[in-house]
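Structure file data_23.cif (mmCIF, C-alpha atoms) follows.
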data_work
#
loop_
_atom_site.label_atom_id
_atom_site.label_comp_id
_atom_site.auth_asym_id
_atom_site.auth_seq_id
_atom_site.Cartn_x
_atom_site.Cartn_y
_atom_site.Cartn_z
CA MET A 1 -137.86 104.05 27.98
CA LYS A 2 -138.20 100.42 29.06
CA THR A 3 -136.12 101.12 32.17
CA ALA A 4 -138.33 104.08 33.14
CA VAL A 5 -141.44 101.94 32.73
CA LEU A 6 -139.91 99.20 34.91
CA HIS A 7 -138.97 101.57 37.74
CA SER A 8 -142.31 103.37 37.59
CA SER A 9 -144.24 100.09 37.54
CA LEU A 10 -142.37 98.73 40.55
CA PHE A 11 -143.06 101.95 42.47
CA ILE A 12 -146.78 101.87 41.62
CA ILE A 13 -147.08 98.19 42.56
CA THR A 14 -145.23 98.85 45.82
CA PHE A 15 -147.51 101.81 46.55
CA VAL A 16 -150.51 99.53 46.05
CA THR A 17 -149.12 96.70 48.19
CA THR A 18 -148.03 99.01 51.03
CA THR A 19 -151.43 100.73 50.96
CA LEU A 20 -153.15 97.35 51.17
CA ALA A 21 -150.82 96.43 54.03
CA GLY A 22 -151.55 99.71 55.79
CA ALA A 23 -155.30 99.22 55.57
CA GLU A 24 -154.91 95.78 57.13
CA TRP A 25 -152.39 96.63 59.83
CA VAL A 26 -153.92 99.93 60.91
CA PHE A 27 -157.64 99.42 60.35
CA GLY A 28 -158.02 95.64 60.05
CA LYS A 29 -159.35 95.97 56.49
CA SER A 30 -158.06 93.01 54.49
CA ILE A 31 -158.51 92.88 50.73
CA PHE A 32 -159.60 89.26 51.22
CA MET A 33 -162.59 90.36 53.34
CA PRO A 34 -166.00 90.54 51.66
CA GLY A 35 -167.16 94.08 50.97
CA TYR A 36 -163.67 95.56 50.72
CA SER A 37 -164.08 99.05 49.24
CA TRP A 38 -162.10 101.89 47.75
CA ALA A 39 -162.46 103.74 51.05
CA ASP A 40 -160.88 100.77 52.84
CA PHE A 41 -157.98 100.86 50.39
CA ALA A 42 -157.57 104.63 50.71
CA SER A 43 -157.37 104.37 54.49
CA GLY A 44 -154.06 102.54 54.12
CA MET A 45 -152.42 105.60 52.54
CA SER A 46 -151.86 107.10 55.99
CA TYR A 47 -149.28 104.31 56.37
CA SER A 48 -147.99 103.85 52.82
CA ILE A 49 -147.32 107.53 52.03
CA PRO A 50 -145.02 108.29 55.02
CA PHE A 51 -143.39 104.85 54.76
CA LEU A 52 -142.60 105.23 51.06
CA LEU A 53 -141.57 108.86 51.59
CA ILE A 54 -138.86 107.75 54.03
CA LEU A 55 -137.84 104.83 51.82
CA THR A 56 -137.65 107.09 48.74
CA ALA A 57 -135.55 109.70 50.58
CA HIS A 58 -133.15 106.92 51.57
CA GLU A 59 -132.71 105.54 48.07
CA PHE A 60 -132.44 108.92 46.36
CA GLY A 61 -129.84 109.92 48.93
CA HIS A 62 -127.71 107.11 47.48
CA TYR A 63 -128.70 107.99 43.92
CA PHE A 64 -127.88 111.69 44.00
CA MET A 65 -124.60 111.12 45.85
CA ALA A 66 -123.60 108.59 43.19
CA ILE A 67 -124.47 111.11 40.48
CA TYR A 68 -122.40 113.74 42.34
CA HIS A 69 -119.37 111.44 42.23
CA ARG A 70 -120.09 110.54 38.57
CA VAL A 71 -120.69 106.91 39.42
CA LYS A 72 -123.17 105.29 37.06
CA THR A 73 -126.23 103.97 38.85
CA THR A 74 -129.82 103.01 38.30
CA LEU A 75 -132.93 104.60 39.70
CA PRO A 76 -134.36 102.77 42.73
CA TYR A 77 -135.90 99.35 42.25
CA TYR A 78 -138.81 99.09 44.70
CA ILE A 79 -139.54 95.60 45.99
CA PRO A 80 -143.26 94.92 46.56
CA LEU A 81 -144.63 92.16 48.76
CA PRO A 82 -147.99 90.48 48.15
CA PRO A 83 -150.83 91.60 50.46
CA PHE A 84 -150.82 88.48 52.64
CA PRO A 85 -151.53 88.74 56.38
CA PHE A 86 -148.72 90.25 58.46
CA MET A 87 -146.87 91.44 55.34
CA LEU A 88 -145.49 94.99 55.35
CA GLY A 89 -146.14 95.61 51.65
CA THR A 90 -142.48 95.90 50.67
CA LEU A 91 -138.99 94.58 51.32
CA GLY A 92 -137.59 98.05 50.67
CA ALA A 93 -135.78 99.29 47.59
CA LEU A 94 -132.29 99.31 46.12
CA ILE A 95 -130.18 100.99 43.49
CA ARG A 96 -127.65 99.18 41.33
CA ILE A 97 -124.18 100.67 40.88
CA LYS A 98 -123.13 100.16 37.25
CA SER A 99 -119.54 101.39 37.32
CA GLN A 100 -116.60 100.88 39.64
CA VAL A 101 -116.44 103.03 42.76
CA GLN A 102 -112.91 104.41 42.70
CA SER A 103 -112.18 105.47 46.27
CA LYS A 104 -112.91 104.80 49.90
CA GLN A 105 -114.37 108.31 50.09
CA GLN A 106 -116.86 107.58 47.31
CA HIS A 107 -117.93 104.33 49.00
CA PHE A 108 -118.42 106.27 52.22
CA ASP A 109 -120.35 109.16 50.68
CA ILE A 110 -122.70 106.97 48.65
CA GLY A 111 -123.24 104.58 51.55
CA ILE A 112 -123.95 107.17 54.22
CA ALA A 113 -126.14 109.50 52.15
CA GLY A 114 -129.08 107.07 52.05
CA PRO A 115 -129.55 106.33 55.76
CA LEU A 116 -128.91 109.96 56.72
CA ALA A 117 -131.54 111.24 54.27
CA GLY A 118 -134.05 108.60 55.31
CA PHE A 119 -133.36 109.19 59.00
CA VAL A 120 -134.03 112.94 58.69
CA VAL A 121 -137.41 112.29 57.03
CA ALA A 122 -138.23 109.54 59.56
CA MET A 123 -137.53 111.99 62.39
CA GLY A 124 -140.03 114.40 60.84
CA VAL A 125 -142.67 111.69 60.48
CA LEU A 126 -142.17 110.48 64.07
CA TRP A 127 -142.13 114.01 65.48
CA TYR A 128 -145.44 114.73 63.78
CA GLY A 129 -146.89 111.40 64.88
CA PHE A 130 -145.87 111.80 68.52
CA THR A 131 -146.99 115.44 68.75
CA HIS A 132 -150.39 114.72 67.17
CA LEU A 133 -151.44 111.63 69.09
CA PRO A 134 -155.19 111.11 69.40
CA PRO A 135 -156.81 110.73 72.85
CA PRO A 136 -156.55 107.33 74.60
CA THR A 137 -160.15 106.53 73.59
CA TYR A 138 -158.94 106.34 69.95
CA VAL A 139 -158.11 102.66 70.42
CA PHE A 140 -161.74 101.90 71.31
CA GLY A 141 -162.64 102.62 67.68
CA PHE A 142 -160.75 99.46 66.73
CA HIS A 143 -161.59 97.46 69.86
CA PRO A 144 -164.98 98.60 71.19
CA GLU A 145 -164.90 95.70 73.65
CA TYR A 146 -162.02 97.44 75.46
CA ALA A 147 -164.21 100.42 76.40
CA GLN A 148 -165.84 98.61 79.33
CA PHE A 149 -162.45 98.62 81.11
CA GLY A 150 -161.73 102.32 80.50
CA ALA A 151 -158.17 103.60 80.78
CA ASP A 152 -157.08 100.38 82.51
CA TYR A 153 -158.02 98.14 79.57
CA ALA A 154 -154.44 96.87 79.21
CA GLN A 155 -154.64 95.20 82.62
CA HIS A 156 -157.51 93.02 81.39
CA VAL A 157 -157.45 92.40 77.65
CA TYR A 158 -153.90 91.12 77.07
CA ARG A 159 -154.20 88.10 79.33
CA PRO A 160 -153.84 84.89 77.26
CA GLU A 161 -157.17 83.52 78.54
CA ASN A 162 -158.92 86.64 77.21
CA MET A 163 -157.33 86.46 73.75
CA LEU A 164 -158.33 83.00 72.57
CA GLY A 165 -158.93 82.93 68.83
CA THR A 166 -157.07 86.21 68.24
CA ALA A 167 -153.64 87.40 67.12
CA ASP A 168 -151.63 89.77 69.28
CA VAL A 169 -148.99 92.01 67.71
CA ILE A 170 -146.45 93.66 69.99
CA ILE A 171 -144.23 96.42 68.62
CA GLY A 172 -140.73 96.56 70.09
CA LYS A 173 -138.91 99.60 71.39
CA ASN A 174 -135.60 101.22 70.56
CA LEU A 175 -133.76 104.09 72.22
CA LEU A 176 -135.16 106.67 69.79
CA PHE A 177 -138.74 105.55 70.40
CA LEU A 178 -138.17 105.74 74.14
CA PHE A 179 -136.94 109.32 73.68
CA PHE A 180 -140.07 110.31 71.76
CA GLU A 181 -142.36 108.62 74.28
CA ASN A 182 -140.70 110.14 77.35
CA VAL A 183 -139.65 113.57 76.10
CA VAL A 184 -141.78 114.59 73.11
CA ALA A 185 -145.19 112.93 73.48
CA ASP A 186 -147.99 113.54 75.97
CA PRO A 187 -147.53 110.56 78.33
CA ALA A 188 -151.29 110.10 78.66
CA ARG A 189 -151.61 109.56 74.91
CA VAL A 190 -148.66 107.25 74.26
CA PRO A 191 -150.14 104.07 72.73
CA ASN A 192 -149.72 100.65 74.26
CA ALA A 193 -147.12 98.50 72.48
CA HIS A 194 -149.92 96.02 71.63
CA GLU A 195 -151.81 98.74 69.71
CA MET A 196 -148.99 100.68 68.02
CA MET A 197 -149.89 99.38 64.56
CA HIS A 198 -153.15 101.39 64.72
CA TYR A 199 -151.13 104.63 64.67
CA PRO A 200 -149.98 104.85 61.02
CA TYR A 201 -147.33 107.57 61.39
CA LEU A 202 -145.76 105.83 64.37
CA PHE A 203 -145.93 102.42 62.73
CA ALA A 204 -144.45 103.67 59.43
CA GLY A 205 -141.76 105.58 61.30
CA PHE A 206 -140.93 102.60 63.49
CA LEU A 207 -140.57 100.23 60.52
CA SER A 208 -138.39 102.80 58.79
CA LEU A 209 -136.08 102.84 61.81
CA VAL A 210 -135.90 99.04 61.67
CA PHE A 211 -134.95 99.15 57.98
CA THR A 212 -132.44 101.92 58.73
CA SER A 213 -130.78 99.85 61.45
CA ILE A 214 -130.54 96.82 59.13
CA ASN A 215 -128.93 98.96 56.44
CA LEU A 216 -126.50 100.44 58.98
CA LEU A 217 -125.22 97.08 60.19
CA PRO A 218 -121.41 97.44 59.88
CA ILE A 219 -121.17 94.42 57.61
CA GLY A 220 -120.12 93.85 54.00
CA GLN A 221 -121.52 96.29 51.46
CA LEU A 222 -124.51 97.29 53.52
CA ASP A 223 -124.62 101.05 54.10
CA GLY A 224 -123.07 100.57 57.53
CA GLY A 225 -120.41 98.39 55.96
CA HIS A 226 -119.47 101.23 53.59
CA VAL A 227 -119.33 103.61 56.53
CA LEU A 228 -117.14 101.27 58.58
CA TYR A 229 -114.87 100.64 55.59
CA GLY A 230 -114.43 104.38 55.15
CA LEU A 231 -113.57 104.84 58.82
CA VAL A 232 -111.16 101.96 59.40
CA GLY A 233 -110.08 100.61 55.99
CA PHE A 234 -110.13 97.17 54.40
CA ARG A 235 -108.30 95.01 56.95
CA SER A 236 -109.91 96.39 60.11
CA HIS A 237 -113.30 96.32 58.42
CA ARG A 238 -113.00 92.59 57.81
CA ILE A 239 -112.18 91.88 61.47
CA ILE A 240 -114.89 94.13 62.92
CA ALA A 241 -117.53 93.13 60.36
CA SER A 242 -116.87 89.43 60.94
CA GLY A 243 -117.28 89.88 64.68
CA ALA A 244 -120.47 91.91 64.23
CA PHE A 245 -121.92 89.32 61.86
CA ILE A 246 -121.18 86.41 64.21
CA LEU A 247 -122.75 88.27 67.14
CA PHE A 248 -125.81 89.14 65.05
CA ALA A 249 -126.24 85.50 64.00
CA PHE A 250 -125.71 84.36 67.60
CA PHE A 251 -128.47 86.65 68.86
CA ALA A 252 -130.82 85.77 66.01
CA GLY A 253 -130.62 82.02 66.65
CA LEU A 254 -130.43 82.13 70.45
CA GLY A 255 -133.18 79.87 71.79
CA TYR A 256 -134.27 78.63 68.36
CA VAL A 257 -133.13 75.13 69.37
CA MET A 258 -134.30 74.34 72.88
CA PRO A 259 -132.86 71.31 74.72
CA GLY A 260 -134.96 68.19 74.26
CA GLN A 261 -137.54 69.82 71.96
CA PRO A 262 -138.30 69.30 68.24
CA VAL A 263 -136.83 71.87 65.84
CA ASN A 264 -138.77 73.63 63.09
CA ILE A 265 -136.68 74.17 59.96
CA VAL A 266 -138.51 76.09 57.19
CA GLY A 267 -141.86 74.71 58.35
CA ILE A 268 -140.70 71.11 58.83
CA GLU A 269 -140.67 69.84 62.41
CA LEU A 270 -137.69 67.58 62.99
CA PRO A 271 -136.76 65.38 65.97
CA HIS A 272 -134.35 67.07 68.34
CA GLU A 273 -131.10 65.42 67.17
CA ALA A 274 -131.95 65.78 63.48
CA GLY A 275 -132.99 69.37 64.12
CA ILE A 276 -129.62 70.14 65.68
CA LEU A 277 -127.80 68.87 62.60
CA ALA A 278 -130.13 70.77 60.29
CA PHE A 279 -129.72 74.02 62.24
CA ILE A 280 -125.93 73.67 62.22
CA GLY A 281 -126.24 73.19 58.46
CA VAL A 282 -128.18 76.45 58.21
CA LEU A 283 -125.54 78.23 60.29
CA PHE A 284 -122.86 76.80 58.00
CA LEU A 285 -124.63 78.26 54.96
CA ILE A 286 -124.90 81.59 56.78
CA PHE A 287 -121.25 81.70 57.83
CA GLN A 288 -120.06 81.01 54.31
CA GLY A 289 -120.55 84.76 54.06
CA LEU A 290 -117.39 85.14 56.15
CA MET A 291 -115.40 83.77 53.20
CA ILE A 292 -112.72 82.12 55.38
CA GLY A 293 -112.78 78.61 53.89
CA TRP A 294 -115.36 75.89 54.47
CA LYS A 295 -113.54 74.22 57.38
CA ASN A 296 -113.30 77.47 59.33
CA GLU A 297 -116.89 78.36 58.44
CA LEU A 298 -118.10 74.97 59.70
CA LEU A 299 -116.07 75.41 62.88
CA VAL A 300 -117.65 78.83 63.50
CA ALA A 301 -121.12 77.33 62.92
CA VAL A 302 -120.51 74.55 65.45
CA LEU A 303 -119.03 76.92 68.04
CA VAL A 304 -121.87 79.43 67.69
CA PHE A 305 -124.48 76.69 68.00
CA ALA A 306 -122.73 75.23 71.05
CA ALA A 307 -122.65 78.65 72.72
CA GLN A 308 -126.36 79.18 71.97
CA TYR A 309 -127.35 75.72 73.16
CA PHE A 310 -125.46 75.76 76.44
CA LEU A 311 -126.56 79.31 77.23
CA VAL A 312 -130.25 78.40 76.96
CA MET A 313 -129.62 75.26 79.00
CA TRP A 314 -128.23 77.49 81.74
CA ARG A 315 -130.68 80.37 81.29
CA PRO A 316 -133.75 79.29 79.27
CA ASP A 317 -135.29 82.73 79.84
CA ILE A 318 -132.60 84.33 77.64
CA GLN A 319 -133.93 84.36 74.09
CA GLY A 320 -132.87 85.97 70.85
CA TYR A 321 -135.12 87.01 67.98
CA PRO A 322 -135.58 84.35 65.28
CA GLY A 323 -137.11 86.94 62.96
CA TRP A 324 -133.57 88.16 62.31
CA LEU A 325 -132.52 84.76 60.95
CA LEU A 326 -133.89 85.56 57.49
CA PHE A 327 -131.83 88.76 57.31
CA VAL A 328 -128.74 86.97 58.64
CA PHE A 329 -129.19 84.31 55.95
CA LEU A 330 -129.66 86.89 53.18
CA ILE A 331 -126.59 88.83 54.30
CA GLY A 332 -124.47 85.69 54.55
CA ARG A 333 -125.53 84.27 51.22
CA PHE A 334 -125.83 87.38 49.03
CA VAL A 335 -124.21 90.42 50.66
CA ARG A 336 -121.18 88.67 52.24
CA VAL A 337 -119.15 90.04 55.12
CA PRO A 338 -115.88 91.41 53.62
CA HIS A 339 -115.83 94.74 51.80
CA PRO A 340 -113.88 94.87 48.52
CA PRO A 341 -110.87 97.23 48.58
CA SER A 342 -110.92 100.40 46.52
CA PRO A 343 -108.24 101.51 44.07
CA ILE A 344 -107.80 104.67 46.19
CA GLU A 345 -107.54 104.13 49.95
CA ALA A 346 -106.90 107.73 51.02
CA PRO A 347 -108.08 108.56 54.58
CA LEU A 348 -111.39 110.34 55.09
CA SER A 349 -111.53 114.02 55.97
CA PRO A 350 -112.24 114.87 59.64
CA ALA A 351 -115.77 116.00 58.76
CA ARG A 352 -116.52 112.67 57.10
CA GLN A 353 -115.12 110.81 60.09
CA VAL A 354 -117.50 112.68 62.37
CA LEU A 355 -120.42 111.85 60.06
CA GLY A 356 -119.36 108.20 60.10
CA TRP A 357 -119.53 108.00 63.88
CA VAL A 358 -122.87 109.83 63.78
CA ALA A 359 -124.19 107.14 61.40
CA LEU A 360 -123.03 104.36 63.73
CA PHE A 361 -124.72 106.22 66.62
CA ILE A 362 -127.93 106.32 64.56
CA PHE A 363 -127.64 102.55 64.17
CA VAL A 364 -127.45 102.15 67.95
CA ILE A 365 -130.51 104.31 68.70
CA CYS A 366 -132.56 102.77 65.86
CA PHE A 367 -131.77 99.10 66.44
CA THR A 368 -134.67 97.19 68.00
CA PRO A 369 -133.73 93.75 69.37
CA ASN A 370 -137.30 92.42 69.03
CA PRO A 371 -139.10 94.54 66.40
CA LEU A 372 -142.33 92.56 65.99
CA GLU A 373 -143.75 89.80 68.12
CA ILE A 374 -146.83 88.11 66.66
CA ARG A 375 -148.64 85.66 68.93
CA VAL A 376 -151.63 83.67 67.68
CA PHE A 377 -153.81 82.30 70.45
CA SER A 378 -155.57 79.01 69.77
CA THR A 379 -159.30 78.80 70.32
CA ALA A 380 -158.68 75.68 72.36
CA ALA A 381 -158.35 76.11 76.09
CA PRO A 382 -154.74 76.08 77.33
#

Take the structure in the file and write it out as structure tokens.
Amino acid sequence: MKTAVLHSSLFIITFVTTTLAGAEWVFGKSIFMPGYSWADFASGMSYSIPFLLILTAHEFGHYFMAIYHRVKTTLPYYIPLPPFPFMLGTLGALIRIKSQVQSKQQHFDIGIAGPLAGFVVAMGVLWYGFTHLPPPTYVFGFHPEYAQFGADYAQHVYRPENMLGTADVIIGKNLLFLFFENVVADPARVPNAHEMMHYPYLFAGFLSLVFTSINLLPIGQLDGGHVLYGLVGFRSHRIIASGAFILFAFFAGLGYVMPGQPVNIVGIELPHEAGILAFIGVLFLIFQGLMIGWKNELLVAVLVFAAQYFLVMWRPDIQGYPGWLLFVFLIGRFVRVPHPPSPIEAPLSPARQVLGWVALFIFVICFTPNPLEIRVFSTAAP
């Protein structure tokens, strides 16, 4: 009874926080604004319902597959986020396996069922969103000042000198989004990347693809790690997953430390030399997830930093995405890179092998190098 209350409470709280987030992202209605009403809250459901529908399909894909294999598991634990600005309302959800998974096949089946189920629902949400796009004038309901420029508003309003005192949010693109924009949608109605958050089905679907790609990273005991382990086994998984994790960390931190400039570490601005040492320390903590001994982990941290630093010295225009650093840190510290071996290491059936490569293909078409770029323009003149 207590467990049911806990799971239900977390879901309800997450529904509330994602609805609050949806009202703010889509309609600019923050709960901290005076006069916030029930109608403002309800407007956020056009984001929270499809987003939680995809998330729930993902988690119950894991759950029902675990039940099928008679592996004890919990119901999903939803993870709410407080309704602060630029929050998404949730960090996702997870189930907890409570008994040993006996075989490579069981790891594979439980791991792949979630992302496949969530992906199918996300495809439905995105298909509906892209086939029911409002006319281009829809955006003028949020930005009436754009109307004076007509259909060419993007050529005028996104210049830095015209955005002083505002925040600009740019939604990234992945291969699947490019497919929907170029093949499925009416090209005249495809929203500008700066305004995508005002389209709740597209925004919810896009974020779901981002979460799907994170889960499908072929690392550790992430869903993609289970899939890779099923396909190649314990030893090959460790080699491939270690390489993938190092590359992911390299991209995430690329350009974070710029030559000759101060370095911001968790909100503290440090002088350049001290910042270098602190950032190498962060990389060392991250690469402890490789579990190869502290000397080797420190060596990898130094080598990765050196490669990042000298690359931006040569090509300062090449930048990674620091937003991934949090996920890299969480994976390195809590998920870890190796996958534990199973008591039964029998090869997968041909059908499962095909599904495994399909899942890795889904990762490729869902992965967005720069998912969200948030730029706040000072009111001071540049």

Contacts of stretch 93-195 of chain A with stretch 202-211 of chain A up to 10 Å, shortest pair per row, all atoms listed in the file, as JSON lines:
{"residue": "A:Pro115", "atom": "CA", "partner": "A:Phe211", "partner_atom": "CA", "distance": 9.3}
{"residue": "A:Gly118", "atom": "CA", "partner": "A:Ser208", "partner_atom": "CA", "distance": 8.0}
{"residue": "A:Phe119", "atom": "CA", "partner": "A:Leu209", "partner_atom": "CA", "distance": 7.5}
{"residue": "A:Val121", "atom": "CA", "partner": "A:Gly205", "partner_atom": "CA", "distance": 9.1}
{"residue": "A:Ala122", "atom": "CA", "partner": "A:Gly205", "partner_atom": "CA", "distance": 5.6}
{"residue": "A:Met123", "atom": "CA", "partner": "A:Gly205", "partner_atom": "CA", "distance": 7.8}
{"residue": "A:Gly124", "atom": "CA", "partner": "A:Gly205", "partner_atom": "CA", "distance": 9.0}
{"residue": "A:Val125", "atom": "CA", "partner": "A:Gly205", "partner_atom": "CA", "distance": 6.2}
{"residue": "A:Leu126", "atom": "CA", "partner": "A:Gly205", "partner_atom": "CA", "distance": 5.6}
{"residue": "A:Trp127", "atom": "CA", "partner": "A:Leu202", "partner_atom": "CA", "distance": 9.0}
{"residue": "A:Tyr128", "atom": "CA", "partner": "A:Leu202", "partner_atom": "CA", "distance": 8.9}
{"residue": "A:Gly129", "atom": "CA", "partner": "A:Leu202", "partner_atom": "CA", "distance": 5.7}
{"residue": "A:Phe130", "atom": "CA", "partner": "A:Leu202", "partner_atom": "CA", "distance": 7.3}
{"residue": "A:Leu133", "atom": "CA", "partner": "A:Leu202", "partner_atom": "CA", "distance": 9.4}
{"residue": "A:Ile171", "atom": "CA", "partner": "A:Phe203", "partner_atom": "CA", "distance": 8.6}
{"residue": "A:Gly172", "atom": "CA", "partner": "A:Phe206", "partner_atom": "CA", "distance": 8.9}
{"residue": "A:Lys173", "atom": "CA", "partner": "A:Phe206", "partner_atom": "CA", "distance": 8.7}
{"residue": "A:Asn174", "atom": "CA", "partner": "A:Leu209", "partner_atom": "CA", "distance": 8.9}
{"residue": "A:Leu176", "atom": "CA", "partner": "A:Leu209", "partner_atom": "CA", "distance": 8.9}
{"residue": "A:Phe177", "atom": "CA", "partner": "A:Phe206", "partner_atom": "CA", "distance": 7.8}
{"residue": "A:Pro191", "atom": "CA", "partner": "A:Leu202", "partner_atom": "CA", "distance": 9.6}
{"residue": "A:Glu195", "atom": "CA", "partner": "A:Phe203", "partner_atom": "CA", "distance": 9.8}

If the PyMOL selection byres ((chain A and resi 309) around 8) is run on the structure shown, which residues does it catch, given as a list in words?
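Taken on the displayed file, the PyMOL selection byres ((chain A and resi 309) around 8) yields the residues Leu254, Gly255, Val257, Met258, Pro259, Phe305, Ala306, Ala307, Gln308, Phe310, Leu311, Val312 and Met313 of chain A.
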
With only C-alpha atoms as the basis for distance, which of A:His143, A:His62, A:His272, A:His339 is at the shortest distance from A:His237?
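Smallest distance to A:His237 is found for A:His339.
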
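Restricting the calculation to all atoms listed in the file, the smallest distance between A:Leu10 and any of A:Gln319, A:Thr166, A:Ile79, A:Val335 is found for A:Ile79.
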
Hey, can you check how far atom CA of A:Gln105 sits from atom CA of A:Ala244?
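Interatomic distance here is 22.5 Å.
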
Which residue of A:Leu175, A:Ala188, A:Leu55, A:Val300 approaches A:Asp152 most closely, using all atoms listed in the file:
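Ranked by minimum distance to A:Asp152, first place goes to A:Ala188.
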
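Candidate residues A:Leu178, A:Val232, A:Ala154, A:Ile318 were compared for distance to A:Pro136, and the nearest is A:Ala154, using all atoms listed in the file.
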